[in-house]
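Below is work.cif, which holds mmCIF, C-alpha atoms and all ligand atoms.
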data_data
#
loop_
_atom_site.group_PDB
_atom_site.id
_atom_site.type_symbol
_atom_site.label_atom_id
_atom_site.label_comp_id
_atom_site.auth_asym_id
_atom_site.auth_seq_id
_atom_site.Cartn_x
_atom_site.Cartn_y
_atom_site.Cartn_z
ATOM 1 C CA MET G 1 0.000 0.000 0.000
ATOM 2 C CA ILE G 2 1.070 3.588 -0.438
ATOM 3 C CA HIS G 3 2.449 3.856 3.092
ATOM 4 C CA ASP G 4 4.436 0.604 2.835
ATOM 5 C CA ILE G 5 7.800 2.135 2.013
ATOM 6 C CA ALA G 6 10.174 -0.472 3.472
ATOM 7 C CA PRO G 7 13.147 -0.695 3.481
ATOM 8 C CA HIS G 8 12.811 3.058 3.915
ATOM 9 C CA THR G 9 11.840 4.218 7.378
ATOM 10 C CA TYR G 10 9.469 7.048 8.206
ATOM 11 C CA ASP G 11 10.171 8.991 11.398
ATOM 12 C CA ASN G 12 7.406 11.417 12.331
ATOM 13 C CA GLN G 13 8.672 12.410 15.751
ATOM 14 C CA TYR G 14 8.437 16.161 15.968
ATOM 15 C CA ALA G 15 11.627 18.101 16.604
ATOM 16 C CA PRO G 16 12.445 21.721 15.829
ATOM 17 C CA HIS G 17 15.321 20.904 13.448
ATOM 18 C CA THR G 18 17.289 23.673 11.790
ATOM 19 C CA PRO G 19 17.006 23.269 8.003
ATOM 20 C CA ARG G 20 20.139 22.295 6.082
ATOM 21 C CA ASP G 21 20.882 22.947 2.411
ATOM 22 C CA GLU G 22 20.303 19.322 1.431
ATOM 23 C CA ASP G 23 16.910 19.040 3.153
ATOM 24 C CA ILE G 24 13.793 18.649 1.019
ATOM 25 C CA VAL G 25 11.210 21.437 0.901
ATOM 26 C CA LEU G 26 7.600 20.550 0.126
ATOM 27 C CA ALA G 27 5.555 23.468 -1.192
ATOM 28 C CA TYR G 28 1.801 23.179 -1.773
ATOM 29 C CA ARG G 29 -0.697 25.401 -3.498
ATOM 30 C CA LYS G 30 -4.395 24.585 -3.887
ATOM 31 C CA GLY G 31 -4.036 20.811 -3.952
ATOM 32 C CA GLU G 32 -0.834 20.930 -5.958
ATOM 33 C CA ILE G 33 2.768 20.254 -5.023
ATOM 34 C CA LEU G 34 5.943 21.838 -6.356
ATOM 35 C CA CYS G 35 7.885 18.998 -7.941
ATOM 36 C CA ASN G 36 9.847 17.652 -10.814
ATOM 37 C CA TYR G 37 7.861 14.942 -12.571
ATOM 38 C CA GLU G 38 9.357 13.207 -15.563
ATOM 39 C CA ASP G 39 8.723 9.690 -16.840
ATOM 40 C CA ASP G 40 6.534 8.999 -13.763
ATOM 41 C CA VAL G 41 9.438 9.832 -11.449
ATOM 42 C CA LEU G 42 8.646 12.358 -8.740
ATOM 43 C CA SER G 43 11.186 14.535 -6.917
ATOM 44 C CA PHE G 44 11.209 17.714 -4.872
ATOM 45 C CA PRO G 45 13.545 20.678 -4.508
ATOM 46 C CA THR G 46 16.148 20.930 -1.787
ATOM 47 C CA LEU G 47 16.497 24.024 0.338
ATOM 48 C CA LEU G 48 19.616 24.922 -1.631
ATOM 49 C CA GLN G 49 17.757 24.710 -4.955
ATOM 50 C CA LEU G 50 14.782 26.599 -3.644
ATOM 51 C CA GLY G 51 16.768 29.298 -1.903
ATOM 52 C CA ALA G 52 13.976 29.847 0.631
ATOM 53 C CA SER G 53 14.594 31.533 3.927
ATOM 54 C CA ALA G 54 15.122 28.859 6.576
ATOM 55 C CA ASP G 55 12.964 30.660 9.139
ATOM 56 C CA THR G 56 9.870 30.310 6.938
ATOM 57 C CA LEU G 57 10.096 26.501 7.007
ATOM 58 C CA THR G 58 8.322 24.027 9.281
ATOM 59 C CA TYR G 59 9.846 20.639 10.011
ATOM 60 C CA LEU G 60 7.598 17.781 8.861
ATOM 61 C CA PHE G 61 9.292 14.374 9.088
ATOM 62 C CA THR G 62 12.365 12.356 8.222
ATOM 63 C CA ILE G 63 12.576 9.430 5.815
ATOM 64 C CA ASP G 64 15.822 7.520 6.244
ATOM 65 C CA GLN G 65 18.346 10.358 6.634
ATOM 66 C CA THR G 66 16.393 12.896 4.587
ATOM 67 C CA ARG G 67 14.523 15.645 6.377
ATOM 68 C CA TYR G 68 11.387 17.184 4.877
ATOM 69 C CA PHE G 69 10.262 20.718 5.583
ATOM 70 C CA LEU G 70 7.102 22.586 4.654
ATOM 71 C CA ALA G 71 7.372 25.900 2.829
ATOM 72 C CA GLY G 72 5.619 28.527 4.917
ATOM 73 C CA VAL G 73 5.261 31.081 2.164
ATOM 74 C CA GLU G 74 4.112 30.683 -1.431
ATOM 75 C CA VAL G 75 6.964 29.585 -3.663
ATOM 76 C CA ASP G 76 7.018 30.324 -7.383
ATOM 77 C CA PRO G 77 7.813 27.539 -9.877
ATOM 78 C CA PHE G 78 11.390 27.624 -11.136
ATOM 79 C CA ALA G 79 13.644 25.739 -13.525
ATOM 80 C CA GLY G 80 12.661 22.084 -13.564
ATOM 81 C CA PHE G 81 10.006 22.403 -10.867
ATOM 82 C CA ALA G 82 6.308 23.067 -11.425
ATOM 83 C CA TYR G 83 3.075 22.672 -9.450
ATOM 84 C CA ARG G 84 1.323 19.376 -10.145
ATOM 85 C CA PRO G 85 -1.767 17.829 -8.545
ATOM 86 C CA VAL G 86 -1.001 15.904 -5.354
ATOM 87 C CA SER G 87 -3.156 13.112 -6.809
ATOM 88 C CA LEU G 88 -0.334 12.182 -9.163
ATOM 89 C CA ALA G 89 1.159 10.448 -6.135
ATOM 90 C CA ARG G 90 -1.272 7.606 -6.914
ATOM 91 C CA THR G 91 0.873 6.529 -9.838
ATOM 92 C CA ALA G 92 4.224 8.298 -9.434
ATOM 93 C CA MET G 93 7.437 6.566 -8.523
ATOM 94 C CA PRO G 94 9.288 5.965 -6.347
ATOM 95 C CA ARG G 95 6.713 4.997 -3.748
ATOM 96 C CA VAL G 96 8.653 6.776 -1.029
ATOM 97 C CA ALA G 97 8.306 10.103 -2.892
ATOM 98 C CA SER G 98 4.558 9.559 -3.304
ATOM 99 C CA PHE G 99 4.241 8.821 0.389
ATOM 100 C CA ALA G 100 6.193 11.986 1.265
ATOM 101 C CA ALA G 101 4.003 14.053 -1.081
ATOM 102 C CA ILE G 102 0.678 12.969 0.394
ATOM 103 C CA THR G 103 1.828 12.882 4.012
ATOM 104 C CA GLY G 104 3.244 16.383 3.649
ATOM 105 C CA HIS G 105 -0.005 17.432 2.035
ATOM 106 C CA GLN G 106 -2.090 16.281 4.980
ATOM 107 C CA LEU G 107 0.206 18.173 7.350
ATOM 108 C CA SER G 108 0.181 21.283 5.142
ATOM 109 C CA VAL G 109 -3.623 21.319 5.149
ATOM 110 C CA TRP G 110 -3.647 21.029 8.925
ATOM 111 C CA TYR G 111 -1.108 23.847 9.360
ATOM 112 C CA ARG G 112 -3.030 26.010 6.872
ATOM 113 C CA ASP G 113 -6.297 25.468 8.740
ATOM 114 C CA SER G 114 -4.820 25.919 12.235
ATOM 115 C CA ARG G 115 -3.478 29.437 11.922
ATOM 116 C CA PHE G 116 -6.148 30.861 14.184
ATOM 117 C CA CYS G 117 -7.569 29.677 17.449
ATOM 118 C CA GLY G 118 -11.038 28.255 16.902
ATOM 119 C CA ARG G 119 -12.001 29.227 20.450
ATOM 120 C CA CYS G 120 -11.000 32.899 20.605
ATOM 121 C CA GLY G 121 -9.768 33.805 17.104
ATOM 122 C CA THR G 122 -6.211 34.759 18.087
ATOM 123 C CA PRO G 123 -3.387 33.819 15.657
ATOM 124 C CA THR G 124 -1.777 30.583 16.889
ATOM 125 C CA VAL G 125 1.934 29.851 17.384
ATOM 126 C CA HIS G 126 3.983 26.669 16.913
ATOM 127 C CA ASP G 127 4.619 24.719 20.067
ATOM 128 C CA GLY G 128 8.345 24.154 20.485
ATOM 129 C CA VAL G 129 8.121 20.614 21.820
ATOM 130 C CA GLU G 130 5.218 18.831 20.161
ATOM 131 C CA ARG G 131 3.532 18.947 16.783
ATOM 132 C CA MET G 132 0.851 21.251 18.026
ATOM 133 C CA MET G 133 -0.368 24.800 17.477
ATOM 134 C CA ARG G 134 -0.992 26.781 20.626
ATOM 135 C CA CYS G 135 -3.114 29.840 21.253
ATOM 136 C CA PRO G 136 -1.042 32.457 23.120
ATOM 137 C CA ASN G 137 -4.223 34.103 24.395
ATOM 138 C CA CYS G 138 -6.445 31.353 25.783
ATOM 139 C CA GLY G 139 -4.019 28.417 25.800
ATOM 140 C CA SER G 140 -6.055 26.247 23.455
ATOM 141 C CA MET G 141 -3.989 23.380 22.013
ATOM 142 C CA ILE G 142 -4.591 22.237 18.441
ATOM 143 C CA PHE G 143 -3.256 18.830 17.425
ATOM 144 C CA PRO G 144 -3.141 17.314 13.922
ATOM 145 C CA ARG G 145 -6.525 16.101 12.843
ATOM 146 C CA ILE G 146 -6.974 12.555 11.610
ATOM 147 C CA SER G 147 -10.403 11.185 10.697
ATOM 148 C CA PRO G 148 -11.033 7.514 11.462
ATOM 149 C CA ALA G 149 -12.940 5.670 8.766
ATOM 150 C CA VAL G 150 -13.766 2.076 7.861
ATOM 151 C CA ILE G 151 -13.404 -0.098 4.787
ATOM 152 C CA VAL G 152 -15.693 -3.127 5.038
ATOM 153 C CA GLY G 153 -15.517 -6.411 3.161
ATOM 154 C CA VAL G 154 -18.950 -8.022 3.653
ATOM 155 C CA LEU G 155 -18.881 -11.723 2.768
ATOM 156 C CA ASN G 156 -21.833 -13.901 1.814
ATOM 157 C CA GLY G 157 -20.920 -17.481 0.927
ATOM 158 C CA ASP G 158 -18.566 -17.239 -2.041
ATOM 159 C CA ARG G 159 -19.488 -13.639 -2.798
ATOM 160 C CA ILE G 160 -18.442 -10.210 -1.576
ATOM 161 C CA LEU G 161 -20.418 -6.992 -1.442
ATOM 162 C CA MET G 162 -19.155 -4.330 -3.824
ATOM 163 C CA THR G 163 -20.599 -0.916 -4.525
ATOM 164 C CA ARG G 164 -20.544 1.326 -7.567
ATOM 165 C CA TYR G 165 -21.352 4.976 -7.711
ATOM 166 C CA ALA G 166 -24.057 5.163 -10.327
ATOM 167 C CA ASN G 167 -23.895 8.876 -11.105
ATOM 168 C CA ARG G 168 -20.174 9.474 -11.500
ATOM 169 C CA PRO G 169 -18.693 9.606 -14.981
ATOM 170 C CA GLY G 170 -16.702 6.484 -15.693
ATOM 171 C CA ALA G 171 -17.659 5.057 -12.338
ATOM 172 C CA LYS G 172 -17.482 1.452 -13.399
ATOM 173 C CA ARG G 173 -14.962 0.647 -10.738
ATOM 174 C CA SER G 174 -16.218 -1.193 -7.742
ATOM 175 C CA ALA G 175 -15.469 -0.336 -4.154
ATOM 176 C CA LEU G 176 -16.061 -1.788 -0.736
ATOM 177 C CA ILE G 177 -18.401 -0.193 1.778
ATOM 178 C CA ALA G 178 -16.649 2.788 3.346
ATOM 179 C CA GLY G 179 -17.444 5.638 5.685
ATOM 180 C CA PHE G 180 -16.322 7.908 8.496
ATOM 181 C CA ALA G 181 -16.719 7.223 12.187
ATOM 182 C CA GLU G 182 -19.209 9.516 13.875
ATOM 183 C CA ILE G 183 -18.752 11.050 17.303
ATOM 184 C CA GLY G 184 -19.878 8.773 20.095
ATOM 185 C CA GLU G 185 -19.598 5.425 18.343
ATOM 186 C CA SER G 186 -16.999 2.656 18.421
ATOM 187 C CA ILE G 187 -15.327 1.678 15.176
ATOM 188 C CA GLU G 188 -17.310 -1.581 15.219
ATOM 189 C CA GLN G 189 -20.503 0.448 15.423
ATOM 190 C CA THR G 190 -19.264 2.479 12.454
ATOM 191 C CA VAL G 191 -18.948 -0.747 10.453
ATOM 192 C CA ARG G 192 -22.492 -1.853 11.318
ATOM 193 C CA ARG G 193 -23.993 1.584 10.697
ATOM 194 C CA GLU G 194 -22.267 2.183 7.361
ATOM 195 C CA VAL G 195 -23.301 -1.203 5.981
ATOM 196 C CA MET G 196 -26.877 -0.627 7.138
ATOM 197 C CA GLU G 197 -26.955 2.908 5.694
ATOM 198 C CA GLU G 198 -25.435 2.049 2.337
ATOM 199 C CA VAL G 199 -27.074 -1.301 1.557
ATOM 200 C CA GLY G 200 -29.566 -2.057 4.336
ATOM 201 C CA LEU G 201 -27.848 -5.213 5.613
ATOM 202 C CA ARG G 202 -27.052 -6.524 9.077
ATOM 203 C CA VAL G 203 -23.565 -7.979 9.596
ATOM 204 C CA LYS G 204 -21.901 -10.326 12.102
ATOM 205 C CA ASN G 205 -18.486 -11.797 12.951
ATOM 206 C CA LEU G 206 -16.553 -8.552 12.557
ATOM 207 C CA ARG G 207 -12.824 -9.180 12.150
ATOM 208 C CA TYR G 208 -10.297 -6.376 12.106
ATOM 209 C CA TYR G 209 -7.915 -6.758 9.174
ATOM 210 C CA LYS G 210 -5.463 -3.870 8.825
ATOM 211 C CA SER G 211 -5.251 -0.092 8.810
ATOM 212 C CA GLN G 212 -3.921 2.488 6.383
ATOM 213 C CA PRO G 213 -3.224 6.196 6.667
ATOM 214 C CA TRP G 214 -4.976 7.772 3.681
ATOM 215 C CA SER G 215 -3.613 11.269 3.537
ATOM 216 C CA PHE G 216 -5.459 12.246 0.356
ATOM 217 C CA THR G 217 -8.519 12.738 2.548
ATOM 218 C CA GLY G 218 -6.945 12.990 6.003
ATOM 219 C CA CYS G 219 -8.185 9.569 7.101
ATOM 220 C CA LEU G 220 -6.983 6.632 9.066
ATOM 221 C CA LEU G 221 -8.733 3.740 7.328
ATOM 222 C CA MET G 222 -9.513 0.598 9.306
ATOM 223 C CA GLY G 223 -10.349 -2.494 7.316
ATOM 224 C CA PHE G 224 -12.828 -5.085 8.590
ATOM 225 C CA TRP G 225 -14.152 -8.371 7.313
ATOM 226 C CA CYS G 226 -17.617 -9.503 8.319
ATOM 227 C CA GLU G 227 -20.513 -11.619 7.109
ATOM 228 C CA VAL G 228 -24.052 -10.754 6.205
ATOM 229 C CA ASP G 229 -26.437 -11.628 9.036
ATOM 230 C CA GLY G 230 -29.806 -12.938 7.846
ATOM 231 C CA ASP G 231 -31.551 -11.495 4.779
ATOM 232 C CA ASP G 232 -29.015 -10.664 2.054
ATOM 233 C CA THR G 233 -31.335 -8.512 -0.051
ATOM 234 C CA ILE G 234 -29.553 -5.264 -0.872
ATOM 235 C CA HIS G 235 -31.498 -2.067 -0.327
ATOM 236 C CA VAL G 236 -29.468 0.745 -1.779
ATOM 237 C CA ASP G 237 -29.544 4.059 -0.053
ATOM 238 C CA GLY G 238 -30.495 6.678 -2.625
ATOM 239 C CA ARG G 239 -28.589 9.385 -0.772
ATOM 240 C CA GLU G 240 -25.205 7.862 -1.571
ATOM 241 C CA LEU G 241 -26.335 7.079 -5.121
ATOM 242 C CA ALA G 242 -24.447 3.837 -5.166
ATOM 243 C CA GLU G 243 -25.547 0.433 -6.309
ATOM 244 C CA GLY G 244 -24.597 -2.602 -4.294
ATOM 245 C CA VAL G 245 -23.926 -6.009 -5.823
ATOM 246 C CA TRP G 246 -22.802 -9.444 -4.627
ATOM 247 C CA LEU G 247 -19.850 -10.545 -6.741
ATOM 248 C CA THR G 248 -17.908 -13.805 -6.950
ATOM 249 C CA ARG G 249 -14.118 -13.837 -7.256
ATOM 250 C CA GLU G 250 -14.406 -14.216 -11.030
ATOM 251 C CA GLU G 251 -16.841 -11.319 -11.418
ATOM 252 C CA ILE G 252 -14.659 -8.634 -9.889
ATOM 253 C CA ASP G 253 -12.998 -6.299 -12.351
ATOM 254 C CA TRP G 254 -10.352 -4.535 -10.348
ATOM 255 C CA ASP G 255 -6.818 -3.612 -11.264
ATOM 256 C CA ASP G 256 -5.061 -3.418 -7.935
ATOM 257 C CA ILE G 257 -1.997 -1.230 -8.232
ATOM 258 C CA GLY G 258 -0.978 -1.928 -4.674
ATOM 259 C CA LEU G 259 -2.016 1.475 -3.404
ATOM 260 C CA SER G 260 -5.055 1.239 -1.194
ATOM 261 C CA LEU G 261 -6.534 -0.868 1.564
ATOM 262 C CA THR G 262 -9.647 -1.321 -0.588
ATOM 263 C CA GLY G 263 -7.473 -2.688 -3.361
ATOM 264 C CA GLU G 264 -5.591 -5.028 -1.071
ATOM 265 C CA MET G 265 -8.760 -6.393 0.551
ATOM 266 C CA THR G 266 -10.419 -6.882 -2.823
ATOM 267 C CA GLN G 267 -7.341 -8.703 -4.075
ATOM 268 C CA ARG G 268 -7.282 -10.946 -1.011
ATOM 269 C CA PHE G 269 -10.867 -11.932 -1.721
ATOM 270 C CA ARG G 270 -10.019 -12.666 -5.357
ATOM 271 C CA ASP G 271 -7.078 -14.777 -4.220
ATOM 272 C CA GLY G 272 -9.358 -16.819 -1.978
ATOM 273 C CA LEU G 273 -7.737 -15.535 1.210
ATOM 274 C CA ALA G 274 -10.867 -13.909 2.663
ATOM 275 C CA ARG G 275 -13.452 -16.509 3.555
ATOM 276 C CA VAL G 276 -16.618 -16.787 5.560
ATOM 277 C CA GLU G 277 -15.842 -17.756 9.142
ATOM 278 C CA GLU G 278 -17.540 -20.953 10.223
HETATM 279 ZN ZN ZN K 1 -7.543 31.113 21.864
#
Show me this structure written as structure tokens.
Ligand SMILES: [Zn+2]
Amino acid sequence: MIHDIAPHTYDNQYAPHTPRDEDIVLAYRKGEILCNYEDDVLSFPTLLQLGASADTLTYLFTIDQTRYFLAGVEVDPFAGFAYRPVSLARTAMPRVASFAAITGHQLSVWYRDSRFCGRCGTPTVHDGVERMMRCPNCGSMIFPRISPAVIVGVLNGDRILMTRYANRPGAKRSALIAGFAEIGESIEQTVRREVMEEVGLRVKNLRYYKSQPWSFTGCLLMGFWCEVDGDDTIHVDGRELAEGVWLTREEIDWDDIGLSLTGEMTQRFRDGLARVEE
């Protein structure tokens, strides 16, 4: 998946590092990232190339020995580097650069949206110790926001429940049931509620599979397997405008490019590795 970057190691411990010339600077603008992108290969400017003032940069994370900083002011494109949609990280290589691009993007969105205290409106300041923005007036502490969400593989004999968005152009591709956790519910309750809301089915035997940070949308995805409980008649919720279908392994048309938890779970089902629990 997109966050599986081994043998590279991602270190997200916050520390107020002083930028060095060889450090990478990630600059974002309206969903785009400043990068060099040729022949599907993605790279980013160093501080030396960019020539930005070090005191406008915010430390993000380290991958292996390489530190990544966030540009705090808008940077103009320059020789070899242009703004490209962050979504190109879905297909760009190497995987470690794609991971850096989307992870930096999630952090940049959080920093952008945390410049003022939501409680009293005062401009916030960086905390020196943790990755946190602090209000110097009322003391409010703002931590990075991550939204928990579920991906659900509902099994029924030798079939799996897939959904398709009926009203989106080119929306032939199938997906698993997915949705955000709501305040006040456990993640297991999220699974049950989302399946009920989207296709009107009860489920049982919930089994946690795996999680994935999905920085495109600021989520932490949690994958579950479960089985339909009782009546397997699908009642599609018109609000989500999706159609739900039971598909066998042979009926799934899905080109997994190794990116997403949905893709991995779908592939496991196709490979016969996800089965109904007796
Ligand atoms: Zn405040």
| What does the PyMOL selection byres (((not hetatm)) within 8 of (chain K and resi 1)) select in this file, as an MDAnalysis selection string? | chainID G and resid 116:124 134:140
| message | Quick one: residues within 10 Å of Thr233 in chain G, all atoms listed in the file, excluding same-chain residues fewer than 6 positions away - as a ChimeraX atom specification? | response | /G:199-201,244-246
| remark: Shortest contact to Ser215 in chain G, candidates G:Ile2, G:Val152, G:Val203, G:Ile234, atoms counted all atoms listed in the file, goes to G:Ile2
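Residues matching the PyMOL selection byres (((chain G and resi 179) around 10) and not hetatm) in this structure come to Pro148, Ala149, Val150, Ile151, Val152, Leu176, Ile177, Ala178, Phe180, Ala181, Glu182, Thr190, Val191, Arg193, Glu194, Val195, Glu197, Glu198 and Leu221 of chain G.
Here CA of Lys204 in chain G stands at a distance of 20.9 Å from CA of Leu261 in chain G.
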| message | Could you check the closest approach to Met132 in chain G for each of G:Arg20, G:Asp4, G:Gly80, G:Thr58 and tell me which residue wins, using all atoms listed in the file? | response |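 Of the candidates, the smallest distance to Met132 in chain G is held by G:Thr58.
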| field | Selection dump of the PyMOL selection byres (((chain G and resi 22) around 8) and not hetatm), as a ChimeraX atom specification | value | /G:20-21,23-24,46-48
| request: Pick out the residues sitting within 12 Å of Ala97 in chain G, and hand them over as a VMD selection string; count only C-alpha atoms, and ignore anything fewer than 6 positions along from it in its own chain. | output: chain G and resid 2 to 5 8 10 24 26 33 35 to 37 40 to 45 63 66 68 86 88 to 91 103 to 104
| task | Dig up all the protein and nucleic acid residues within 6 Å of (-8.6, -3.6, 9.5) in the file frame, using all atoms listed in the file, and format them as a PyMOL selection string. | result | chain G and resi 208-211+222-224
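The smallest atom-to-atom distance between Asn156 in chain G and any of G:Met265, G:Cys226, G:Ala79, G:Leu259, using all atoms listed in the file, is found for G:Cys226.
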| task | In the coordinates of the file, take the point (-18.1, -11.0, -2.6) and a cut-off of 8 Å; then, counting only C-alpha atoms, name each qualifying protein, DNA or RNA residue as a PyMOL selection string. | result | chain G and resi 153-162+246-249+269
| Hey, what's within 9 Å of Val73 in chain G if we count only C-alpha atoms and toss same-chain stuff fewer than 5 positions away? As a list in words, please? | Ala27, Ala52, Thr56 and Leu57 of chain G
Kindly reconstruct range 253-265 of chain G with N, CA and C atoms and present the result as a short mmCIF file (atom, residue, chain, number, x, y, z; two decimals), in the frame of the given file.
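Done, and the output landed in selection.cif:
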data_model
loop_
_atom_site.label_atom_id
_atom_site.label_comp_id
_atom_site.auth_asym_id
_atom_site.auth_seq_id
_atom_site.Cartn_x
_atom_site.Cartn_y
_atom_site.Cartn_z
N ASP G 253 -13.97 -6.91 -11.44
CA ASP G 253 -13.00 -6.30 -12.35
C ASP G 253 -12.28 -5.19 -11.59
N TRP G 254 -11.08 -5.47 -11.19
CA TRP G 254 -10.35 -4.54 -10.35
C TRP G 254 -8.87 -4.68 -10.67
N ASP G 255 -8.26 -3.59 -11.03
CA ASP G 255 -6.82 -3.61 -11.26
C ASP G 255 -6.14 -3.04 -10.03
N ASP G 256 -5.70 -3.90 -9.16
CA ASP G 256 -5.06 -3.42 -7.94
C ASP G 256 -3.64 -2.97 -8.27
N ILE G 257 -3.36 -1.71 -7.99
CA ILE G 257 -2.00 -1.23 -8.23
C ILE G 257 -1.24 -1.11 -6.91
N GLY G 258 -1.73 -1.83 -5.91
CA GLY G 258 -0.98 -1.93 -4.67
C GLY G 258 -1.01 -0.68 -3.82
N LEU G 259 -2.00 0.17 -4.05
CA LEU G 259 -2.02 1.48 -3.40
C LEU G 259 -2.86 1.51 -2.14
N SER G 260 -4.06 0.97 -2.23
CA SER G 260 -5.06 1.24 -1.19
C SER G 260 -5.46 -0.02 -0.43
N LEU G 261 -6.00 0.22 0.76
CA LEU G 261 -6.53 -0.87 1.56
C LEU G 261 -7.70 -1.54 0.85
N THR G 262 -8.55 -0.75 0.19
CA THR G 262 -9.65 -1.32 -0.59
C THR G 262 -9.11 -2.29 -1.64
N GLY G 263 -8.06 -1.84 -2.33
CA GLY G 263 -7.47 -2.69 -3.36
C GLY G 263 -6.90 -3.97 -2.79
N GLU G 264 -6.20 -3.85 -1.67
CA GLU G 264 -5.59 -5.03 -1.07
C GLU G 264 -6.65 -6.02 -0.58
N MET G 265 -7.71 -5.49 0.05
CA MET G 265 -8.76 -6.39 0.55
C MET G 265 -9.49 -7.07 -0.61
#
